[in-house]
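Listing of model-v2.pdb; format and content: PDB, C-alpha atoms and all ligand atoms.
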ATOM      1  CA  MET D 411       0.000   0.000   0.000
ATOM      2  CA  PRO D 412       1.406   3.411  -0.873
ATOM      3  CA  HIS D 413       2.364   5.453   2.091
ATOM      4  CA  HIS D 414       0.914   8.940   1.973
ATOM      5  CA  ARG D 415       2.432  11.666   4.026
ATOM      6  CA  PRO D 416      -0.444  13.375   5.777
ATOM      7  CA  ALA D 417      -0.800  17.119   5.271
ATOM      8  CA  THR D 418       0.299  17.771   8.818
ATOM      9  CA  PRO D 419       1.952  21.068   9.639
ATOM     10  CA  PRO D 420       5.514  21.328  10.762
ATOM     11  CA  ALA D 421       5.223  20.788  14.510
ATOM     12  CA  LEU D 422       5.279  24.065  16.351
ATOM     13  CA  ASN D 423       8.447  24.307  18.323
ATOM     14  CA  GLU D 424       7.649  23.575  22.009
ATOM     15  CA  ASP D 425       9.961  26.280  23.180
ATOM     16  CA  ALA D 426       8.400  28.933  20.956
ATOM     17  CA  LEU D 427       4.923  27.889  22.099
ATOM     18  CA  THR D 428       5.889  28.223  25.749
ATOM     19  CA  ARG D 429       7.321  31.686  25.110
ATOM     20  CA  LEU D 430       4.166  32.687  23.258
ATOM     21  CA  VAL D 431       1.820  31.576  26.044
ATOM     22  CA  ASP D 432       4.010  33.179  28.746
ATOM     23  CA  ALA D 433       4.158  36.477  26.842
ATOM     24  CA  LEU D 434       0.363  36.522  26.359
ATOM     25  CA  VAL D 435      -0.116  36.044  30.101
ATOM     26  CA  GLU D 436       2.565  38.491  31.200
ATOM     27  CA  LYS D 437       2.094  41.385  28.791
ATOM     28  CA  GLY D 438      -0.700  40.502  26.387
ATOM     29  CA  TRP D 439       1.424  40.273  23.238
ATOM     30  CA  PHE D 440       4.130  38.129  21.614
ATOM     31  CA  VAL D 441       6.524  38.541  18.699
ATOM     32  CA  GLY D 442       8.408  35.503  17.354
ATOM     33  CA  GLU D 443      10.921  35.594  14.517
ATOM     34  CA  ARG D 444      11.244  32.498  12.295
ATOM     35  CA  PHE D 445       8.086  31.176  13.938
ATOM     36  CA  ILE D 446       6.715  29.712  10.678
ATOM     37  CA  ASP D 447       9.086  27.981   8.250
ATOM     38  CA  ALA D 448      10.370  29.779   5.163
ATOM     39  CA  GLU D 449       8.950  27.261   2.684
ATOM     40  CA  LEU D 450       5.377  27.699   3.916
ATOM     41  CA  CYS D 451       5.770  31.498   3.972
ATOM     42  CA  GLN D 452       7.006  31.396   0.380
ATOM     43  CA  ALA D 453       4.035  29.286  -0.761
ATOM     44  CA  LEU D 454       1.583  31.632   0.975
ATOM     45  CA  ARG D 455       3.278  34.672  -0.514
ATOM     46  CA  ASP D 456       3.163  33.180  -4.032
ATOM     47  CA  GLU D 457      -0.537  32.520  -3.543
ATOM     48  CA  LEU D 458      -1.172  36.113  -2.418
ATOM     49  CA  TRP D 459       0.661  37.537  -5.467
ATOM     50  CA  THR D 460      -1.352  35.240  -7.742
ATOM     51  CA  LEU D 461      -4.593  36.417  -6.113
ATOM     52  CA  SER D 462      -3.437  39.993  -6.574
ATOM     53  CA  ALA D 463      -2.535  39.448 -10.251
ATOM     54  CA  ASN D 464      -5.962  37.830 -10.800
ATOM     55  CA  GLN D 465      -7.694  40.775  -9.141
ATOM     56  CA  ALA D 466      -9.081  38.476  -6.476
ATOM     57  CA  LEU D 467      -8.310  40.903  -3.633
ATOM     58  CA  THR D 468     -10.909  43.264  -2.185
ATOM     59  CA  GLU D 469     -10.134  46.659  -0.714
ATOM     60  CA  ALA D 470     -10.507  46.329   3.035
ATOM     61  CA  GLY D 471     -12.854  48.422   5.131
ATOM     62  CA  ILE D 472     -13.656  48.845   8.806
ATOM     63  CA  GLY D 473     -16.665  47.785  10.886
ATOM     64  CA  ARG D 474     -18.612  44.567  10.551
ATOM     65  CA  GLY D 475     -21.918  43.597   9.026
ATOM     66  CA  ALA D 476     -24.107  46.563   8.106
ATOM     67  CA  ARG D 477     -21.568  49.041   9.492
ATOM     68  CA  TYR D 478     -18.842  48.022   7.041
ATOM     69  CA  ARG D 479     -17.238  51.058   5.333
ATOM     70  CA  LEU D 480     -14.254  51.638   3.052
ATOM     71  CA  ARG D 481     -11.924  54.099   4.777
ATOM     72  CA  ARG D 482      -8.704  54.725   2.863
ATOM     73  CA  ASP D 483      -7.744  57.311   5.495
ATOM     74  CA  VAL D 484      -7.758  54.539   8.141
ATOM     75  CA  ARG D 485      -6.513  51.444   6.311
ATOM     76  CA  GLY D 486      -5.164  50.877   2.813
ATOM     77  CA  ASP D 487      -4.819  47.117   2.412
ATOM     78  CA  ALA D 488      -6.564  44.740   0.024
ATOM     79  CA  ILE D 489      -7.597  41.328   1.361
ATOM     80  CA  HIS D 490      -8.722  37.798   0.544
ATOM     81  CA  TRP D 491     -10.239  35.528   3.207
ATOM     82  CA  LEU D 492      -8.599  32.130   3.616
ATOM     83  CA  ASP D 493     -10.958  29.437   2.359
ATOM     84  CA  ARG D 494      -8.801  26.260   2.540
ATOM     85  CA  GLU D 495      -8.397  26.385  -1.243
ATOM     86  CA  SER D 496      -4.704  25.509  -1.288
ATOM     87  CA  GLN D 497      -2.371  23.121   0.465
ATOM     88  CA  ALA D 498      -0.438  26.103   1.859
ATOM     89  CA  GLN D 499      -3.594  27.569   3.404
ATOM     90  CA  ARG D 500      -4.540  24.214   4.908
ATOM     91  CA  ARG D 501      -1.069  23.817   6.380
ATOM     92  CA  TYR D 502      -1.157  27.282   7.930
ATOM     93  CA  LEU D 503      -4.671  26.724   9.309
ATOM     94  CA  ALA D 504      -3.499  23.424  10.803
ATOM     95  CA  VAL D 505      -0.682  25.232  12.608
ATOM     96  CA  MET D 506      -3.210  27.766  13.934
ATOM     97  CA  GLU D 507      -5.419  24.887  15.109
ATOM     98  CA  THR D 508      -2.522  23.561  17.166
ATOM     99  CA  LEU D 509      -1.903  27.009  18.552
ATOM    100  CA  GLN D 510      -5.592  27.359  19.455
ATOM    101  CA  GLN D 511      -5.453  24.107  21.445
ATOM    102  CA  GLN D 512      -2.303  25.181  23.259
ATOM    103  CA  ILE D 513      -3.723  28.588  24.181
ATOM    104  CA  ASN D 514      -6.968  27.025  25.379
ATOM    105  CA  ARG D 515      -5.083  24.469  27.459
ATOM    106  CA  ALA D 516      -2.912  27.129  29.096
ATOM    107  CA  LEU D 517      -5.250  30.105  29.362
ATOM    108  CA  TYR D 518      -8.803  28.666  29.318
ATOM    109  CA  LEU D 519      -9.850  31.266  26.765
ATOM    110  CA  GLY D 520     -12.393  28.979  25.113
ATOM    111  CA  LEU D 521     -11.255  29.865  21.605
ATOM    112  CA  PHE D 522     -13.323  27.864  19.175
ATOM    113  CA  GLU D 523     -12.730  29.235  15.699
ATOM    114  CA  PHE D 524     -10.095  30.933  13.569
ATOM    115  CA  GLU D 525     -10.729  33.319  10.695
ATOM    116  CA  ALA D 526      -7.948  34.889   8.635
ATOM    117  CA  HIS D 527      -7.278  36.888   5.493
ATOM    118  CA  PHE D 528      -4.341  37.553   3.236
ATOM    119  CA  ALA D 529      -3.479  41.242   3.183
ATOM    120  CA  HIS D 530      -1.557  43.271   0.624
ATOM    121  CA  TYR D 531      -0.506  46.799   1.558
ATOM    122  CA  PRO D 532       0.678  48.590  -1.606
ATOM    123  CA  PRO D 533       3.394  51.261  -1.283
ATOM    124  CA  GLY D 534       2.054  54.189   0.744
ATOM    125  CA  ALA D 535      -0.591  52.111   2.547
ATOM    126  CA  PHE D 536      -0.947  52.013   6.331
ATOM    127  CA  TYR D 537      -3.436  51.070   9.041
ATOM    128  CA  LYS D 538      -3.957  53.640  11.775
ATOM    129  CA  THR D 539      -3.794  52.758  15.471
ATOM    130  CA  HIS D 540      -6.725  50.566  16.481
ATOM    131  CA  LEU D 541      -7.940  47.708  18.649
ATOM    132  CA  ASP D 542      -9.211  44.585  16.886
ATOM    133  CA  SER D 543     -12.190  44.249  19.224
ATOM    134  CA  PHE D 544     -13.899  46.108  22.007
ATOM    135  CA  GLN D 545     -14.101  45.010  25.595
ATOM    136  CA  GLY D 546     -17.321  43.329  26.640
ATOM    137  CA  ARG D 547     -18.506  42.619  23.117
ATOM    138  CA  ALA D 548     -15.368  40.948  21.956
ATOM    139  CA  ASN D 549     -15.784  37.893  19.840
ATOM    140  CA  ARG D 550     -12.266  38.318  18.500
ATOM    141  CA  ILE D 551     -10.183  37.240  21.460
ATOM    142  CA  VAL D 552      -6.654  36.685  20.186
ATOM    143  CA  SER D 553      -5.238  38.387  17.072
ATOM    144  CA  THR D 554      -2.455  36.943  14.943
ATOM    145  CA  VAL D 555      -0.323  38.263  12.094
ATOM    146  CA  LEU D 556       2.142  36.296   9.979
ATOM    147  CA  TYR D 557       4.451  38.250   7.670
ATOM    148  CA  LEU D 558       5.469  36.891   4.285
ATOM    149  CA  ASN D 559       8.189  39.267   3.023
ATOM    150  CA  PRO D 560      11.689  37.801   2.726
ATOM    151  CA  ASP D 561      14.610  40.237   3.195
ATOM    152  CA  TRP D 562      12.493  43.201   4.238
ATOM    153  CA  PRO D 563      14.815  46.231   4.244
ATOM    154  CA  ALA D 564      15.329  48.045   7.561
ATOM    155  CA  ASP D 565      14.211  51.307   5.902
ATOM    156  CA  GLY D 566      11.246  49.729   4.082
ATOM    157  CA  GLY D 567       8.632  51.078   6.506
ATOM    158  CA  GLY D 568       5.518  48.952   7.002
ATOM    159  CA  GLU D 569       6.410  48.010  10.561
ATOM    160  CA  MET D 570       3.716  47.046  13.009
ATOM    161  CA  ALA D 571       3.835  49.392  15.990
ATOM    162  CA  ILE D 572       2.551  48.003  19.289
ATOM    163  CA  TYR D 573       1.343  50.473  21.949
ATOM    164  CA  ALA D 574       0.683  50.300  25.679
ATOM    165  CA  SER D 575      -2.857  49.189  26.538
ATOM    166  CA  ASP D 576      -3.296  52.111  28.953
ATOM    167  CA  ASP D 577      -1.595  54.708  26.737
ATOM    168  CA  ALA D 578      -1.900  54.393  22.970
ATOM    169  CA  ASP D 579       0.807  57.069  22.536
ATOM    170  CA  ARG D 580       3.450  54.957  24.255
ATOM    171  CA  GLU D 581       5.086  52.670  21.699
ATOM    172  CA  LEU D 582       6.362  49.380  23.124
ATOM    173  CA  ALA D 583       7.663  47.639  20.008
ATOM    174  CA  ARG D 584       8.121  48.009  16.267
ATOM    175  CA  VAL D 585       8.052  44.815  14.221
ATOM    176  CA  LEU D 586       9.507  44.468  10.707
ATOM    177  CA  PRO D 587       7.157  42.470   8.434
ATOM    178  CA  GLU D 588       9.888  39.914   7.715
ATOM    179  CA  ALA D 589       8.855  36.473   6.412
ATOM    180  CA  GLY D 590       8.336  33.999   9.247
ATOM    181  CA  THR D 591       7.761  36.608  11.940
ATOM    182  CA  PHE D 592       4.548  35.926  13.852
ATOM    183  CA  VAL D 593       2.760  38.357  16.148
ATOM    184  CA  CYS D 594       0.002  37.385  18.528
ATOM    185  CA  PHE D 595      -1.897  39.567  21.037
ATOM    186  CA  LEU D 596      -5.105  39.999  23.028
ATOM    187  CA  SER D 597      -7.536  41.607  20.584
ATOM    188  CA  ASP D 598      -9.288  43.987  23.000
ATOM    189  CA  ARG D 599      -6.183  45.144  24.876
ATOM    190  CA  VAL D 600      -3.337  45.940  22.506
ATOM    191  CA  PRO D 601      -3.497  49.072  20.332
ATOM    192  CA  HIS D 602      -1.431  48.621  17.188
ATOM    193  CA  ALA D 603      -0.847  50.194  13.793
ATOM    194  CA  VAL D 604       0.776  49.480  10.435
ATOM    195  CA  LEU D 605       3.184  52.313   9.623
ATOM    196  CA  PRO D 606       3.230  53.520   5.995
ATOM    197  CA  THR D 607       5.003  50.956   3.846
ATOM    198  CA  ARG D 608       7.442  51.782   1.064
ATOM    199  CA  HIS D 609       7.223  48.361  -0.613
ATOM    200  CA  PRO D 610       4.399  45.931  -1.376
ATOM    201  CA  ARG D 611       3.774  44.240   1.978
ATOM    202  CA  ALA D 612       2.298  40.738   2.303
ATOM    203  CA  SER D 613       0.804  39.219   5.450
ATOM    204  CA  ILE D 614      -1.957  37.073   6.903
ATOM    205  CA  ALA D 615      -4.031  38.616   9.683
ATOM    206  CA  GLY D 616      -6.154  36.208  11.714
ATOM    207  CA  TRP D 617      -8.353  36.052  14.792
ATOM    208  CA  PHE D 618      -9.262  33.350  17.234
ATOM    209  CA  ARG D 619     -12.897  33.820  18.087
ATOM    210  CA  ARG D 620     -15.365  32.891  20.726
ATOM    211  CA  ASN D 621     -19.038  33.113  19.993
ATOM    212  CA  ALA D 622     -20.743  36.198  21.341
ATOM    213  CA  SER D 623     -24.409  37.050  21.156
ATOM    214  CA  LEU D 624     -25.391  40.677  20.970
ATOM    215  CA  ALA D 625     -28.996  41.536  21.786
ATOM    216  CA  GLY D 626     -30.020  38.026  20.843
ATOM    217  CA  LEU D 627     -28.412  38.277  17.419
ATOM    218  CA  VAL D 628     -25.684  35.941  16.407
ATOM    219  CA  ASP D 629     -22.527  37.982  16.067
ATOM    220  CA  PRO D 630     -21.415  37.956  12.424
ATOM    221  CA  ALA D 631     -17.926  36.635  11.838
ATOM    222  CA  ARG D 632     -16.822  39.470   9.587
TER     223      ARG D 632
HETATM  224  O1  LIG Q 701      -0.430  43.644   9.247
HETATM  225  C1  LIG Q 701      -0.278  44.034  10.393
HETATM  226  O2  LIG Q 701       0.848  44.233  10.879
HETATM  227  C2  LIG Q 701      -1.472  44.301  11.274
HETATM  228  C3  LIG Q 701      -2.803  44.271  10.554
HETATM  229  C4  LIG Q 701      -3.945  44.634  11.453
HETATM  230  O3  LIG Q 701      -3.775  45.278  12.461
HETATM  231  C5  LIG Q 701      -5.305  44.171  11.142
HETATM  232  O4  LIG Q 701      -5.556  43.663  10.023
HETATM  233  O5  LIG Q 701      -6.189  44.320  12.027
HETATM  234 FE    FE Q 702      -5.425  45.044  13.788
END
Translate the structure of the given file into structure tokens.
Amino acid sequence: MPHHRPATPPALNEDALTRLVDALVEKGWFVGERFIDAELCQALRDELWTLSANQALTEAGIGRGARYRLRRDVRGDAIHWLDRESQAQRRYLAVMETLQQQINRALYLGLFEFEAHFAHYPPGAFYKTHLDSFQGRANRIVSTVLYLNPDWPADGGGEMAIYASDDADRELARVLPEAGTFVCFLSDRVPHAVLPTRHPRASIAGWFRRNASLAGLVDPAR
């Protein structure tokens, strides 16, 4: 019988996972370089450029459901939701599934679902300082970003700036969008921004969710 290699993800490094969970508990955010292997990042990046060339990206807006609006003065990326269409997507989603289990085991957050989109920030684009969800009505609990840009130049802009939860003017970290770098943070606590980029910038932004009902309505995912 032929032996098929299952489409399992590269095992997440135990050490990196421990550091991630500890950082989430201690300060609410984590940055890991070389967190996801270069080969998977390359495949995801190729897929994003193909989507872009095929005009399969949509300009991103802000707000969910009926309140969704295009706001180029707030964010300038174009996105495509992951839909398990490719092997690379399935591998990445499998890694996120493992991460979800680990976070639930360690932090009892009750994460039950992951949604994510590719994002392309063309030169000049940015995303102003924001929170990914609001306290009390948060169904996005933990935010993630994986960067897909090999050899990002130090002066290329496009860094993610992370700010203090009690003072959104106090910058705590600036992260280059280098391929393999993975950022993870509590969605309702960590203000962050994408600084204007000077080069096309590729990433995957994702959110672990918990179901939340608002006024008896099921909270829409997007
Ligand atoms: O790409 C990034 O560095 C962050 C993107 C972001 O904040 C978002 O999509 O909510
Ligand atoms: Fe965000």
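For the atom pair formed by CA of Phe592 in chain D and CA of Gln512 in chain D, the distance is 15.8 Å, given to one decimal.
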**Request:** Can you give me, as a ChimeraX atom specification, the residues this file yields under the PyMOL selection byres (((chain D and resi 470-484) around 12) and not hetatm)?
**Result:** /D:467-469,485-491,527-531,534-544,549-550,603-606,627-632
**Item:** Option closest in space to Val585 in chain D, from D:Val555, D:Thr460, D:Ile614, D:Gln452 [counting only C-alpha atoms]
**Value:**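 Going through D:Val555, D:Thr460, D:Ile614, D:Gln452 one by one, the smallest distance to Val585 in chain D is for D:Val555.
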Exercise on ligand LIG 701 (chain Q), axis-aligned box with 8 Å per side, report centre and edge lengths in Å to one decimal, as lines of an AutoDock Vina configuration file:
center_x = -2.7
center_y = 44.5
center_z = 10.9
size_x = 23.0
size_y = 17.6
size_z = 19.2
**Request:** Excluding Tyr518 in chain D and residues on its chain fewer than 6 positions from it, collect all residues at most 12 Å away from it, counting all atoms listed in the file, and give them as a list in words.
**Result:**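 Contacts, with the query itself left out: Val431, Val435, Gln510, Gln511, Gln512, Ile551 and Arg620 of chain D.
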May I have the selected residues written with C-alpha atoms, as a CSV table (one decimal), in the coordinates of the input?
chain,number,residue,atom,x,y,z
D,431,VAL,CA,1.8,31.6,26.0
D,435,VAL,CA,-0.1,36.0,30.1
D,510,GLN,CA,-5.6,27.4,19.5
D,511,GLN,CA,-5.5,24.1,21.4
D,512,GLN,CA,-2.3,25.2,23.3
D,551,ILE,CA,-10.2,37.2,21.5
D,620,ARG,CA,-15.4,32.9,20.7
Check what the PyMOL selection byres (((chain D and resi 612) around 7) and not hetatm) selects in the file above and give those residues as a CSV table (one decimal) with C-alpha atoms, in the frame of the given file.
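Saved file out_12.csv follows:
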chain,number,residue,atom,x,y,z
D,455,ARG,CA,3.3,34.7,-0.5
D,529,ALA,CA,-3.5,41.2,3.2
D,530,HIS,CA,-1.6,43.3,0.6
D,531,TYR,CA,-0.5,46.8,1.6
D,557,TYR,CA,4.5,38.2,7.7
D,558,LEU,CA,5.5,36.9,4.3
D,559,ASN,CA,8.2,39.3,3.0
D,610,PRO,CA,4.4,45.9,-1.4
D,611,ARG,CA,3.8,44.2,2.0
D,613,SER,CA,0.8,39.2,5.4
